[in-house]
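Structure data (PDB, C-alpha atoms) from upload_17.pdb:
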```
ATOM      1  CA  MET A   1      28.783 -51.750  20.171  1.00  0.00           C
ATOM      2  CA  VAL A   2      29.158 -53.311  16.709  1.00  0.00           C
ATOM      3  CA  ILE A   3      28.238 -56.737  18.098  1.00  0.00           C
ATOM      4  CA  ASP A   4      25.284 -55.390  20.100  1.00  0.00           C
ATOM      5  CA  ASP A   5      23.890 -53.600  17.034  1.00  0.00           C
ATOM      6  CA  HIS A   6      24.450 -56.698  14.898  1.00  0.00           C
ATOM      7  CA  ILE A   7      22.627 -58.958  17.366  1.00  0.00           C
ATOM      8  CA  GLN A   8      19.770 -56.466  17.694  1.00  0.00           C
ATOM      9  CA  ALA A   9      19.424 -56.103  13.898  1.00  0.00           C
ATOM     10  CA  LEU A  10      19.205 -59.894  13.552  1.00  0.00           C
ATOM     11  CA  ASP A  11      16.698 -60.048  16.445  1.00  0.00           C
ATOM     12  CA  VAL A  12      18.735 -62.737  18.241  1.00  0.00           C
ATOM     13  CA  LYS A  13      17.717 -63.312  21.878  1.00  0.00           C
ATOM     14  CA  GLY A  14      19.726 -64.568  24.844  1.00  0.00           C
ATOM     15  CA  VAL A  15      23.262 -64.192  23.501  1.00  0.00           C
ATOM     16  CA  LEU A  16      25.967 -64.087  26.151  1.00  0.00           C
ATOM     17  CA  TYR A  17      29.525 -63.225  25.173  1.00  0.00           C
ATOM     18  CA  THR A  18      32.696 -61.614  26.380  1.00  0.00           C
ATOM     19  CA  LEU A  19      35.327 -59.956  24.244  1.00  0.00           C
ATOM     20  CA  GLU A  20      38.981 -59.383  24.932  1.00  0.00           C
ATOM     21  CA  ARG A  21      41.583 -57.801  22.685  1.00  0.00           C
ATOM     22  CA  VAL A  22      44.324 -60.351  22.094  1.00  0.00           C
ATOM     23  CA  ASP A  23      46.048 -59.417  18.838  1.00  0.00           C
ATOM     24  CA  HIS A  24      49.205 -58.472  20.749  1.00  0.00           C
ATOM     25  CA  THR A  25      49.275 -61.646  22.931  1.00  0.00           C
ATOM     26  CA  LEU A  26      48.467 -64.448  20.468  1.00  0.00           C
ATOM     27  CA  PRO A  27      50.578 -67.615  20.564  1.00  0.00           C
ATOM     28  CA  GLU A  28      53.226 -67.762  17.843  1.00  0.00           C
ATOM     29  CA  GLU A  29      51.789 -71.016  16.414  1.00  0.00           C
ATOM     30  CA  TRP A  30      48.550 -69.172  15.560  1.00  0.00           C
ATOM     31  CA  GLY A  31      50.469 -67.320  12.905  1.00  0.00           C
ATOM     32  CA  GLY A  32      49.198 -63.788  13.525  1.00  0.00           C
ATOM     33  CA  GLY A  33      51.810 -61.948  11.518  1.00  0.00           C
ATOM     34  CA  ASP A  34      51.093 -60.295   8.176  1.00  0.00           C
ATOM     35  CA  GLU A  35      47.891 -62.269   7.520  1.00  0.00           C
ATOM     36  CA  LEU A  36      46.216 -61.072  10.726  1.00  0.00           C
ATOM     37  CA  ASP A  37      47.647 -57.558  10.376  1.00  0.00           C
ATOM     38  CA  ASN A  38      46.128 -57.311   6.889  1.00  0.00           C
ATOM     39  CA  ILE A  39      42.718 -58.404   8.208  1.00  0.00           C
ATOM     40  CA  LEU A  40      42.823 -55.953  11.106  1.00  0.00           C
ATOM     41  CA  GLU A  41      43.793 -53.065   8.833  1.00  0.00           C
ATOM     42  CA  ASN A  42      41.440 -53.764   5.913  1.00  0.00           C
ATOM     43  CA  ALA A  43      38.457 -55.902   6.915  1.00  0.00           C
ATOM     44  CA  PRO A  44      35.062 -54.392   7.689  1.00  0.00           C
ATOM     45  CA  ALA A  45      33.988 -54.335  11.333  1.00  0.00           C
ATOM     46  CA  GLY A  46      33.246 -57.787  12.648  1.00  0.00           C
ATOM     47  CA  LEU A  47      34.945 -60.752  14.258  1.00  0.00           C
ATOM     48  CA  VAL A  48      37.804 -63.028  13.227  1.00  0.00           C
ATOM     49  CA  SER A  49      38.527 -66.646  14.156  1.00  0.00           C
ATOM     50  CA  PHE A  50      41.620 -68.777  13.890  1.00  0.00           C
ATOM     51  CA  THR A  51      40.704 -72.056  12.143  1.00  0.00           C
ATOM     52  CA  ASP A  52      42.451 -74.993  10.454  1.00  0.00           C
ATOM     53  CA  ILE A  53      42.684 -72.927   7.268  1.00  0.00           C
ATOM     54  CA  GLY A  54      44.012 -69.804   9.018  1.00  0.00           C
ATOM     55  CA  TRP A  55      42.261 -66.580   9.937  1.00  0.00           C
ATOM     56  CA  VAL A  56      38.620 -66.226   8.881  1.00  0.00           C
ATOM     57  CA  ILE A  57      36.656 -62.977   8.904  1.00  0.00           C
ATOM     58  CA  HIS A  58      33.077 -63.001  10.213  1.00  0.00           C
ATOM     59  CA  SER A  59      31.800 -59.669   8.984  1.00  0.00           C
ATOM     60  CA  ALA A  60      28.546 -58.263  10.200  1.00  0.00           C
ATOM     61  CA  PRO A  61      26.010 -58.176   7.386  1.00  0.00           C
ATOM     62  CA  VAL A  62      25.521 -54.770   5.875  1.00  0.00           C
ATOM     63  CA  HIS A  63      22.136 -53.539   6.935  1.00  0.00           C
ATOM     64  CA  LYS A  64      20.272 -51.160   4.683  1.00  0.00           C
ATOM     65  CA  LEU A  65      20.942 -47.581   5.685  1.00  0.00           C
ATOM     66  CA  ARG A  66      18.157 -45.123   6.439  1.00  0.00           C
ATOM     67  CA  LEU A  67      18.218 -41.344   6.872  1.00  0.00           C
ATOM     68  CA  PHE A  68      17.434 -40.226  10.434  1.00  0.00           C
ATOM     69  CA  ALA A  69      16.802 -36.638  11.509  1.00  0.00           C
ATOM     70  CA  SER A  70      16.806 -34.686  14.752  1.00  0.00           C
ATOM     71  CA  HIS A  71      17.723 -31.143  15.865  1.00  0.00           C
ATOM     72  CA  ASP A  72      20.629 -29.761  17.849  1.00  0.00           C
ATOM     73  CA  HIS A  73      20.286 -27.401  20.833  1.00  0.00           C
ATOM     74  CA  ARG A  74      19.862 -24.431  18.456  1.00  0.00           C
ATOM     75  CA  GLY A  75      17.089 -26.111  16.490  1.00  0.00           C
ATOM     76  CA  LYS A  76      19.336 -26.830  13.472  1.00  0.00           C
ATOM     77  CA  PRO A  77      18.563 -30.128  11.762  1.00  0.00           C
ATOM     78  CA  ILE A  78      21.001 -33.004  12.216  1.00  0.00           C
ATOM     79  CA  TYR A  79      20.940 -35.967   9.828  1.00  0.00           C
ATOM     80  CA  ALA A  80      22.572 -39.365  10.129  1.00  0.00           C
ATOM     81  CA  ALA A  81      22.824 -42.213   7.639  1.00  0.00           C
ATOM     82  CA  ALA A  82      22.563 -45.341   9.780  1.00  0.00           C
ATOM     83  CA  PRO A  83      21.084 -48.849   9.847  1.00  0.00           C
ATOM     84  CA  SER A  84      19.058 -48.168  13.015  1.00  0.00           C
ATOM     85  CA  VAL A  85      17.942 -45.376  15.313  1.00  0.00           C
ATOM     86  CA  THR A  86      20.436 -46.652  17.917  1.00  0.00           C
ATOM     87  CA  VAL A  87      23.368 -46.168  15.560  1.00  0.00           C
ATOM     88  CA  ALA A  88      21.960 -42.801  14.419  1.00  0.00           C
ATOM     89  CA  LEU A  89      21.856 -41.642  18.046  1.00  0.00           C
ATOM     90  CA  ALA A  90      25.468 -42.691  18.600  1.00  0.00           C
ATOM     91  CA  ILE A  91      26.542 -40.806  15.468  1.00  0.00           C
ATOM     92  CA  MET A  92      24.647 -37.649  16.468  1.00  0.00           C
ATOM     93  CA  VAL A  93      25.903 -37.673  20.057  1.00  0.00           C
ATOM     94  CA  ASN A  94      29.523 -38.324  19.133  1.00  0.00           C
ATOM     95  CA  THR A  95      29.716 -35.693  16.406  1.00  0.00           C
ATOM     96  CA  ARG A  96      27.553 -32.862  17.700  1.00  0.00           C
ATOM     97  CA  LEU A  97      27.591 -32.830  21.491  1.00  0.00           C
ATOM     98  CA  PRO A  98      31.319 -32.683  22.283  1.00  0.00           C
ATOM     99  CA  ASP A  99      31.224 -29.017  21.211  1.00  0.00           C
ATOM    100  CA  THR A 100      28.563 -28.064  23.739  1.00  0.00           C
ATOM    101  CA  SER A 101      28.178 -28.484  27.465  1.00  0.00           C
ATOM    102  CA  ARG A 102      24.362 -28.438  27.262  1.00  0.00           C
ATOM    103  CA  VAL A 103      22.078 -31.308  28.079  1.00  0.00           C
ATOM    104  CA  HIS A 104      20.199 -32.322  24.977  1.00  0.00           C
ATOM    105  CA  THR A 105      17.374 -34.727  24.229  1.00  0.00           C
ATOM    106  CA  PHE A 106      17.222 -36.097  20.710  1.00  0.00           C
ATOM    107  CA  LYS A 107      13.881 -36.814  19.072  1.00  0.00           C
ATOM    108  CA  ILE A 108      15.056 -38.934  16.160  1.00  0.00           C
ATOM    109  CA  THR A 109      12.782 -39.783  13.260  1.00  0.00           C
ATOM    110  CA  ASP A 110      13.317 -41.865  10.146  1.00  0.00           C
ATOM    111  CA  VAL A 111      12.857 -39.447   7.223  1.00  0.00           C
ATOM    112  CA  THR A 112      14.084 -41.741   4.447  1.00  0.00           C
ATOM    113  CA  ASP A 113      10.697 -42.129   2.807  1.00  0.00           C
ATOM    114  CA  THR A 114       9.143 -38.801   3.799  1.00  0.00           C
ATOM    115  CA  LEU A 115      11.558 -36.290   2.283  1.00  0.00           C
ATOM    116  CA  PRO A 116       9.932 -34.356  -0.560  1.00  0.00           C
ATOM    117  CA  GLU A 117      11.253 -35.330  -4.003  1.00  0.00           C
ATOM    118  CA  PRO A 118      13.214 -32.080  -4.594  1.00  0.00           C
ATOM    119  CA  GLU A 119      15.163 -32.690  -1.346  1.00  0.00           C
ATOM    120  CA  ARG A 120      15.952 -36.336  -2.136  1.00  0.00           C
ATOM    121  CA  LYS A 121      18.487 -35.602  -4.906  1.00  0.00           C
ATOM    122  CA  ASN A 122      21.042 -38.439  -4.705  1.00  0.00           C
ATOM    123  CA  LEU A 123      19.877 -39.798  -1.330  1.00  0.00           C
ATOM    124  CA  ASP A 124      19.177 -43.340  -2.573  1.00  0.00           C
ATOM    125  CA  GLU A 125      22.669 -43.640  -4.041  1.00  0.00           C
ATOM    126  CA  VAL A 126      24.302 -42.299  -0.858  1.00  0.00           C
ATOM    127  CA  LEU A 127      22.378 -44.727   1.361  1.00  0.00           C
ATOM    128  CA  ALA A 128      23.157 -47.623  -0.999  1.00  0.00           C
ATOM    129  CA  ALA A 129      26.897 -46.871  -0.680  1.00  0.00           C
ATOM    130  CA  GLY A 130      26.738 -48.250   2.858  1.00  0.00           C
ATOM    131  CA  GLN A 131      28.720 -45.612   4.725  1.00  0.00           C
ATOM    132  CA  ALA A 132      27.135 -44.701   8.052  1.00  0.00           C
ATOM    133  CA  GLY A 133      27.802 -41.237   9.456  1.00  0.00           C
ATOM    134  CA  VAL A 134      26.603 -37.670   9.622  1.00  0.00           C
ATOM    135  CA  ALA A 135      24.673 -36.801   6.461  1.00  0.00           C
ATOM    136  CA  ASP A 136      24.395 -33.338   4.925  1.00  0.00           C
ATOM    137  CA  CYS A 137      22.677 -32.000   1.853  1.00  0.00           C
ATOM    138  CA  ASP A 138      24.829 -29.467   0.051  1.00  0.00           C
ATOM    139  CA  GLU A 139      24.396 -28.049  -3.457  1.00  0.00           C
ATOM    140  CA  GLU A 140      28.195 -27.802  -3.811  1.00  0.00           C
ATOM    141  CA  HIS A 141      28.357 -31.580  -3.456  1.00  0.00           C
ATOM    142  CA  ASP A 142      25.381 -32.174  -5.779  1.00  0.00           C
ATOM    143  CA  GLY A 143      23.102 -33.279  -2.962  1.00  0.00           C
ATOM    144  CA  TRP A 144      23.559 -35.623  -0.018  1.00  0.00           C
ATOM    145  CA  TRP A 145      26.921 -36.818   1.230  1.00  0.00           C
ATOM    146  CA  VAL A 146      28.094 -38.633   4.378  1.00  0.00           C
ATOM    147  CA  TRP A 147      31.120 -37.853   6.521  1.00  0.00           C
TER     148      TRP A 147
END
```
Let's see the structure in the file written out as structure tokens.
Amino acid sequence: MVIDDHIQALDVKGVLYTLERVDHTLPEEWGGGDELDNILENAPAGLVSFTDIGWVIHSAPVHKLRLFASHDHRGKPIYAAAPSVTVALAIMVNTRLPDTSRVHTFKITDVTDTLPEPERKNLDEVLAAGQAGVADCDEEHDGWWVW
């Protein structure tokens, strides 16, 4: 999913690839060990390659986050900080629908630039932080925050 979103965001056409998890089956001479473990535990989402200089991280570029809105089955607003509507949909589905057995259609809109000024509060700073996820506006947290 990370690779698909990355390719779509870059508007690359005709890319064919296959992925297989191999961190537990790498040859000893590739020197997985602590170096690879550190990358896998701390690097941002992306790909890694083994090269002449060791392991190299190919991180997906950070795409500017936007604020997307929809409504749940009760009509309550749902917000997601995400780089695209596709990622926003995945966030909304994975965080809101497991609690309900209802079929739901999301009508997702980008509200980043249309929120009235009093509702914006710290939105620009939250989106600039780069964390995608469910977004909520809460006075106790001095405005918008992402979880």
Could you check how far atom CA of A:Asp113 sits from atom CA of A:Leu65, in Å to one decimal?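 Result for atom CA of A:Asp113 versus atom CA of A:Leu65: 12.0 Å, one decimal.
Coordinates place atom CA of A:Leu36 at a distance of 12.8 Å from atom CA of A:Ile53.
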Give me the residues within 6 Å of A:Ala80 as number ranges by chain, counting only C-alpha atoms and dropping any in the same chain fewer than 4 places off. A: 67-68, 88, 133-135
Give me, please, the distance in Å between atom CA of A:Trp147 and atom CA of A:Ala81, quoted to one decimal. 9.4 Å
For a quick check of understanding, using all atoms listed in the file, which of A:Asp4, A:Arg66, A:His58, A:Glu28 has the smallest distance to A:Val111?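 The shortest atom-to-atom distance to A:Val111 comes from A:Arg66.
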Which residue of A:Leu16, A:Ala69, A:Leu127, A:Asp34 approaches A:Thr114 most closely, using all atoms listed in the file: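 Once distances to A:Thr114 are computed over all atoms listed in the file, the minimum belongs to A:Ala69.
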With the file shown as input, list the residues that the PyMOL selection byres ((chain A and resi 23) around 9) selects, as a PyMOL selection string. chain A and resi 21-22+24-26+32+36-37
So that I can check the surroundings of A:Ile39, please list as a list of chain:residue names every protein, DNA and RNA residue that reaches within 9 Å of it, counting all atoms listed in the file and ignoring chain neighbours fewer than 5 positions away.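 Using all atoms listed in the file, the neighbours found are A:Asp34, A:Pro44, A:Val48, A:Trp55, A:Val56, A:Ile57.
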As a PyMOL selection string, please: the residues near A:Val126 (cut-off 8 Å, only C-alpha atoms, same-chain neighbours under 4 positions excluded). chain A and resi 122+130-131+144-146
Written as a ChimeraX atom specification, what is the full residue list that the PyMOL selection byres ((chain A and resi 106) around 9) yields on the file shown? /A:70-72,89,92-93,104-105,107-108
Between A:Leu19, A:Ala82, A:Cys137, A:Ala128, which has the minimum distance to A:Thr109 (counting only C-alpha atoms)? A:Ala82
Restricting to only C-alpha atoms, whichever of A:Pro27, A:Asp136, A:Ala129, A:Lys121 is closest to A:Phe50 is A:Pro27
